[in-house]
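What follows is a short report on a single structure.
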Amino acid sequence: MPVNLKGRSLDSLLNFTTDEVNYLIDLSIDLKKSKYQGLHTNNRPLVGKNIAIMFQKDSTRTRCSFEVAAFDLGAGVTYIGPAGSNFGKKESIEDTAKVLGRFYDGIEFRGFAQSDVDALVKYSGVPVWNGLTDDEHPTQIIADFMTMKEKLGNLKGKKLVFIGDYKNNIGHSCLIGAAFTGMHVTLCGPDSYKSQMRQEVISECEKLFRLNGGSLTFSNNKILAAQNADVIYTDVWVSLGEDYSLFEPRINELQNYQVDMAMIRAARPDVIFLHCLPAFHDDHTIFGKDIKEKFGSKFPVVATGAMEVTDEVFQSKYNKAFDQAENRMHSIKAIILATIGY
Ligand code: CP
């Protein structure tokens, strides 16, 4: 049956079918080729449409991807930043959603609670795109699996290792993406994180693995986890919106889970490294410098300011995180186009 996503929201990827997720990945690849050929300049299917992009947390990739994708498609964009609206403060989410739904053909939202996205979906009456919540980062995951497909071809049976704070939104999203594409995913980190995973997500993914192939395993040993890996993926140890005070306990918990060359060498020779970015791989950021000065002598693993990945890996040929970042724009274009329709 042909896929038709017109009018749908991308609130959680788990509300989509396997065919729908793979359709979005393939449409993203097609739109990238189309942009490279310059075809987007004479085909702007969303002229006359407008979207709002609302951020309760800062963003580089997601914001710019929505803006460039909308411009390429011919749609107008309104950016509402963390301090730019009374959303949730002096005006309820319900009322804001009802207002925005009168103005716009689609709404992107980055915030904290998944229930805020659910309220926007319920009350706006237009497609809502989850630009990151505490639970999930679904637009990121379409870009990630698009990147894997570009680099690896067919994803069925390939091995993805997500290492580090796998109980976070990206860890869950990697699991969901693997379940839709039939990949074997290993979540690698401290044993104590396993019980902090959202069990309902694991149950849904187990059903998808039975349908699509692939599997979920856990590991507390990065070298063993890396064996036969096609993809090694990590994220920051303290996520966007989490408190700075969490750095020390997280470094303590995750010091054995930094992606380094030993881990890369334990994987397949053609392994790729992915990171949703921004990454702490050196001391060229205020936080990286601060972490190095405060904790470098106590925890040698962060002595250079690198945390989740060494600079050696980040600067190596294995790192495809910038292709992945570019793909945010192509995949978000696919998501906007497919759900607003033309
Ligand atoms: N990966 C990601 O969501 O990047 P931004 O926070 O810059 O949007």
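Naming works like this for the structure tokens: A, B, ... for the chains as they're shown, residue 1 at the start of each chain, ligands 1 onward in shown order.
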- Task: Residues up to 7 Å from ligand 1, counting only C-alpha atoms and all ligand atoms: could you list those as an MDAnalysis selection string?
- Result: chainID A and resid 58:63 132 140 276:278
- Among stretch 134-331 of chain A, which ones does DSSP place in strand (DSSP E or B), written as a list of chain:residue names?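 Filtering stretch 134-331 of chain A to strand (DSSP E or B) leaves A:Lys159, A:Leu160, A:Val161, A:Phe162, A:Ile163, A:His184, A:Val185, A:Thr186, A:Leu187, A:Cys188, A:Ser215, A:Leu216, A:Thr217, A:Phe218, A:Ser219, A:Val231, A:Ile232, A:Tyr233, A:Thr234, A:Val259, A:Ile272, A:Phe273, A:Leu274, A:His275, A:Val309, A:Asn319.
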- Message: So, with only C-alpha atoms as the atoms that count, which of A:Tyr104, A:Gly111, A:Asp235, A:Gly153 lies closest to A:Lys167?
- Response: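 Using only C-alpha atoms, the shortest distance to A:Lys167 belongs to A:Asp235.
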- Message: Using only C-alpha atoms, can you tell me which of A:Gly7, A:Gly38, A:Gly288, A:Pro300 comes closest to A:Val128?
- Response: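 With only C-alpha atoms as the atom set, the closest residue is A:Gly7.
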- Task: Once DSSP has gone over the backbone, tell me which residues of stretch 257-333 of chain A are in helix (DSSP H, G or I), as a ChimeraX atom specification.
- Result: /A:261-266,286-295,300-302,311-314,321-333
Using N, CA, C and O atoms, can you write the selected residues to a file as a compact mmCIF listing (two decimals), in the first residue's frame?
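File selection_18.txt, as written:
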# COMPACT_ATOMS: atom_id res chain seq x y z
N MET A 261 40.26 4.98 20.15
CA MET A 261 40.73 4.19 19.01
C MET A 261 40.76 2.70 19.33
O MET A 261 40.62 1.87 18.43
N ALA A 262 40.91 2.34 20.61
CA ALA A 262 40.88 0.91 20.97
C ALA A 262 39.50 0.33 20.63
O ALA A 262 39.40 -0.79 20.12
N MET A 263 38.46 1.12 20.89
CA MET A 263 37.12 0.66 20.57
C MET A 263 36.91 0.58 19.05
O MET A 263 36.34 -0.39 18.54
N ILE A 264 37.38 1.60 18.36
CA ILE A 264 37.24 1.61 16.89
C ILE A 264 37.98 0.41 16.29
O ILE A 264 37.47 -0.29 15.40
N ARG A 265 39.18 0.12 16.79
CA ARG A 265 39.98 -0.99 16.24
C ARG A 265 39.33 -2.35 16.54
O ARG A 265 39.55 -3.32 15.82
N ALA A 266 38.51 -2.40 17.60
CA ALA A 266 37.84 -3.66 17.93
C ALA A 266 36.64 -3.93 17.02
O ALA A 266 36.09 -5.04 17.01
N ILE A 286 33.65 26.24 26.26
CA ILE A 286 33.71 26.69 27.66
C ILE A 286 33.54 25.49 28.60
O ILE A 286 34.29 25.33 29.56
N PHE A 287 32.58 24.63 28.29
CA PHE A 287 32.34 23.47 29.15
C PHE A 287 33.52 22.50 29.13
O PHE A 287 33.96 22.00 30.16
N GLY A 288 34.05 22.22 27.92
CA GLY A 288 35.16 21.28 27.79
C GLY A 288 36.38 21.75 28.59
O GLY A 288 37.03 20.96 29.29
N LYS A 289 36.65 23.05 28.51
CA LYS A 289 37.79 23.63 29.22
C LYS A 289 37.57 23.52 30.75
O LYS A 289 38.45 23.16 31.51
N ASP A 290 36.35 23.82 31.15
CA ASP A 290 35.99 23.79 32.56
C ASP A 290 36.09 22.37 33.13
O ASP A 290 36.63 22.15 34.22
N ILE A 291 35.58 21.41 32.37
CA ILE A 291 35.62 20.00 32.80
C ILE A 291 37.07 19.54 32.94
O ILE A 291 37.45 18.87 33.92
N LYS A 292 37.89 19.92 31.95
CA LYS A 292 39.32 19.55 31.99
C LYS A 292 39.97 20.10 33.26
O LYS A 292 40.67 19.36 33.98
N GLU A 293 39.71 21.38 33.56
CA GLU A 293 40.35 22.01 34.72
C GLU A 293 39.83 21.45 36.04
O GLU A 293 40.58 21.18 36.96
N LYS A 294 38.50 21.22 36.12
CA LYS A 294 37.91 20.78 37.40
C LYS A 294 38.13 19.29 37.68
O LYS A 294 38.36 18.89 38.81
N PHE A 295 37.99 18.47 36.61
CA PHE A 295 37.95 17.02 36.85
C PHE A 295 39.08 16.24 36.18
O PHE A 295 39.15 15.02 36.35
N PRO A 300 41.26 10.86 34.63
CA PRO A 300 42.19 11.07 33.50
C PRO A 300 41.50 11.01 32.13
O PRO A 300 41.95 11.62 31.17
N VAL A 301 40.37 10.30 32.07
CA VAL A 301 39.67 10.15 30.79
C VAL A 301 39.21 11.51 30.22
O VAL A 301 39.05 11.67 29.01
N VAL A 302 39.02 12.52 31.09
CA VAL A 302 38.59 13.84 30.61
C VAL A 302 39.72 14.88 30.70
O VAL A 302 39.46 16.09 30.62
N ASP A 311 39.47 13.11 20.79
CA ASP A 311 39.69 13.94 19.61
C ASP A 311 40.29 13.11 18.47
O ASP A 311 40.03 13.37 17.30
N GLU A 312 41.07 12.09 18.82
CA GLU A 312 41.68 11.23 17.79
C GLU A 312 40.60 10.56 16.95
O GLU A 312 40.68 10.53 15.72
N VAL A 313 39.57 10.04 17.60
CA VAL A 313 38.47 9.42 16.85
C VAL A 313 37.70 10.49 16.09
O VAL A 313 37.36 10.33 14.91
N PHE A 314 37.44 11.61 16.76
CA PHE A 314 36.61 12.66 16.15
C PHE A 314 37.25 13.22 14.87
O PHE A 314 36.55 13.53 13.91
N ALA A 321 30.01 12.23 11.50
CA ALA A 321 29.02 13.06 12.22
C ALA A 321 28.65 14.33 11.45
O ALA A 321 27.55 14.87 11.64
N PHE A 322 29.53 14.81 10.55
CA PHE A 322 29.17 16.02 9.81
C PHE A 322 28.27 15.69 8.61
O PHE A 322 27.42 16.50 8.24
N ASP A 323 28.43 14.48 8.04
CA ASP A 323 27.45 14.03 7.04
C ASP A 323 26.08 13.87 7.71
O ASP A 323 25.05 14.26 7.16
N GLN A 324 26.13 13.31 8.91
CA GLN A 324 24.91 13.11 9.71
C GLN A 324 24.24 14.46 10.00
O GLN A 324 23.02 14.61 9.89
N ALA A 325 25.04 15.47 10.35
CA ALA A 325 24.49 16.80 10.65
C ALA A 325 23.85 17.41 9.40
O ALA A 325 22.76 17.97 9.46
N GLU A 326 24.53 17.29 8.26
CA GLU A 326 23.95 17.80 7.01
C GLU A 326 22.62 17.09 6.72
O GLU A 326 21.65 17.73 6.29
N ASN A 327 22.60 15.80 7.01
CA ASN A 327 21.39 15.03 6.71
C ASN A 327 20.19 15.43 7.55
O ASN A 327 19.05 15.10 7.21
N ARG A 328 20.43 16.15 8.67
CA ARG A 328 19.29 16.68 9.42
C ARG A 328 18.41 17.53 8.51
O ARG A 328 17.19 17.48 8.58
N MET A 329 19.05 18.34 7.67
CA MET A 329 18.28 19.26 6.82
C MET A 329 17.48 18.48 5.76
O MET A 329 16.28 18.71 5.57
N HIS A 330 18.14 17.53 5.09
CA HIS A 330 17.44 16.77 4.04
C HIS A 330 16.30 15.95 4.63
O HIS A 330 15.23 15.83 4.02
N SER A 331 16.53 15.38 5.81
CA SER A 331 15.50 14.52 6.39
C SER A 331 14.35 15.34 6.97
O SER A 331 13.18 14.95 6.88
N ILE A 332 14.67 16.50 7.53
CA ILE A 332 13.59 17.37 8.03
C ILE A 332 12.77 17.90 6.85
O ILE A 332 11.53 18.01 6.94
N LYS A 333 13.44 18.13 5.73
CA LYS A 333 12.69 18.53 4.53
C LYS A 333 11.71 17.42 4.13
O LYS A 333 10.54 17.70 3.80
- Task: Do a neighbour search on A:Asp116 at 9 Å with only C-alpha atoms, toss out local chain neighbours closer than 5 positions, and write the hits as a list in words.
- Result: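 Once the adjacent positions are removed, what remains is Gly88, Ile93, Glu94, Phe109, Gly111, Val121 and Thr133 of chain A.
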Give one line per residue of stretch 90-175 of chain A that approaches stretch 42-52 of chain A to at most 8 Å, naming the two atoms of the closest pair and their distance in Å to one decimal, counting only C-alpha atoms; sort by chain then ascending residue number and deliver it as JSON lines.
{"residue": "A:Leu100", "atom": "CA", "partner": "A:Ala52", "partner_atom": "CA", "distance": 7.7}
{"residue": "A:Phe103", "atom": "CA", "partner": "A:Asn50", "partner_atom": "CA", "distance": 7.7}
{"residue": "A:Tyr104", "atom": "CA", "partner": "A:Asn50", "partner_atom": "CA", "distance": 5.2}
{"residue": "A:Asp105", "atom": "CA", "partner": "A:Asn50", "partner_atom": "CA", "distance": 5.6}
{"residue": "A:Gly106", "atom": "CA", "partner": "A:Ile51", "partner_atom": "CA", "distance": 4.9}
{"residue": "A:Ile107", "atom": "CA", "partner": "A:Ala52", "partner_atom": "CA", "distance": 4.9}
{"residue": "A:Glu108", "atom": "CA", "partner": "A:Ala52", "partner_atom": "CA", "distance": 6.2}
Contacts of A:Asp19 at 12 Å or less, counting only C-alpha atoms, minus same-chain residues fewer than 5 places along, as a CSV table (one decimal) with N, CA and C atoms, in the first residue's frame?
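Dumped everything to result-v4.csv:
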chain,number,residue,atom,x,y,z
A,1,MET,N,0.9,-1.2,0.0
A,1,MET,CA,0.0,0.0,0.0
A,1,MET,C,0.9,1.2,0.0
A,2,PRO,N,0.6,2.2,-0.9
A,2,PRO,CA,1.4,3.4,-0.9
A,2,PRO,C,1.4,4.2,0.5
A,3,VAL,N,2.5,4.8,0.8
A,3,VAL,CA,2.6,5.5,2.1
A,3,VAL,C,2.0,6.9,1.9
A,4,ASN,N,1.1,7.3,2.8
A,4,ASN,CA,0.6,8.7,2.7
A,4,ASN,C,0.6,9.3,4.1
A,5,LEU,N,1.5,10.2,4.4
A,5,LEU,CA,1.7,10.8,5.7
A,5,LEU,C,1.0,12.2,5.8
A,13,LEU,N,8.3,8.3,17.0
A,13,LEU,CA,8.5,7.5,15.8
A,13,LEU,C,7.7,6.2,16.0
A,24,LEU,N,10.3,7.6,4.9
A,24,LEU,CA,10.9,8.9,5.2
A,24,LEU,C,12.4,8.9,5.0
A,25,ILE,N,13.1,7.7,5.4
A,25,ILE,CA,14.5,7.6,5.2
A,25,ILE,C,14.8,7.7,3.6
A,26,ASP,N,14.0,7.0,2.8
A,26,ASP,CA,14.3,7.0,1.4
A,26,ASP,C,14.0,8.3,0.8
A,27,LEU,N,12.9,9.0,1.2
A,27,LEU,CA,12.5,10.3,0.7
A,27,LEU,C,13.7,11.3,1.0
A,180,PHE,N,13.1,-0.5,13.6
A,180,PHE,CA,12.3,-0.3,12.3
A,180,PHE,C,13.2,-0.7,11.1
A,181,THR,N,14.5,-0.8,11.2
A,181,THR,CA,15.3,-1.1,10.0
A,181,THR,C,16.0,-2.5,10.1
A,208,LEU,N,8.8,-5.1,17.1
A,208,LEU,CA,9.3,-4.7,15.8
A,208,LEU,C,10.4,-5.5,15.3
A,211,LEU,N,9.2,-8.6,13.8
A,211,LEU,CA,8.6,-8.3,12.5
A,211,LEU,C,9.7,-8.0,11.4
A,212,ASN,N,10.8,-7.3,11.8
A,212,ASN,CA,11.7,-6.7,10.9
A,212,ASN,C,13.1,-7.4,10.9
- Task: Find the residues around A:Asp191 up to 10 Å (only C-alpha atoms counted), leave out those fewer than 6 positions away in its own chain, and share them as a PyMOL selection string.
- Result: chain A and resi 218-221
- Separation of atom CA of A:Ile29 and atom CA of A:Ile335, in Å?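 Distance reported for this atom pair: 11.9 Å.
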- Message: Let me make sure I understand: among A:Tyr123, A:Tyr318, A:Trp237, A:Phe66, which one has the smallest atom-to-atom distance to A:Asp270 if we use only C-alpha atoms?
- Response: A:Tyr318
- Query: Quick one, how far is atom CA of A:Thr41 from atom CA of A:Gly74?
  - Reply: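 Distance between the two atoms: 9.3 Å.
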- Task: Write out as a ChimeraX atom specification which residues come within 7 Å of A:Leu187 when counting only C-alpha atoms, dropping same-chain ones fewer than 5 positions away.
- Result: /A:161-163,166,217-219
- Message: Between A:Arg102, A:Arg250, A:Arg110, A:Lys222, which residue has the minimum interatomic distance to A:Asp165, considering only C-alpha atoms?
- Response: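 Checking each of A:Arg102, A:Arg250, A:Arg110, A:Lys222 against A:Asp165, counting only C-alpha atoms, the winner is A:Arg250.
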- Message: Could you list, as a ChimeraX atom specification, every residue within 10 Å of A:Ser85, counting only C-alpha atoms and ignoring same-chain residues fewer than 5 positions away?
- Response: /A:54-56,80,90-91,96
- Task: Give the answer as one residue: which of A:Arg210, A:Gln199, A:His40, A:Leu246 has the shortest atom-to-atom distance to A:Phe71, using only C-alpha atoms?
- Result: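 For A:Phe71, the nearest of the candidates is A:His40.
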- Message: Considering only C-alpha atoms, can you say which of A:Ala334, A:Ala303, A:Ile232, A:Ile272 comes closest to A:Ser316?
- Response: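 The closest residue to A:Ser316 is A:Ile272.
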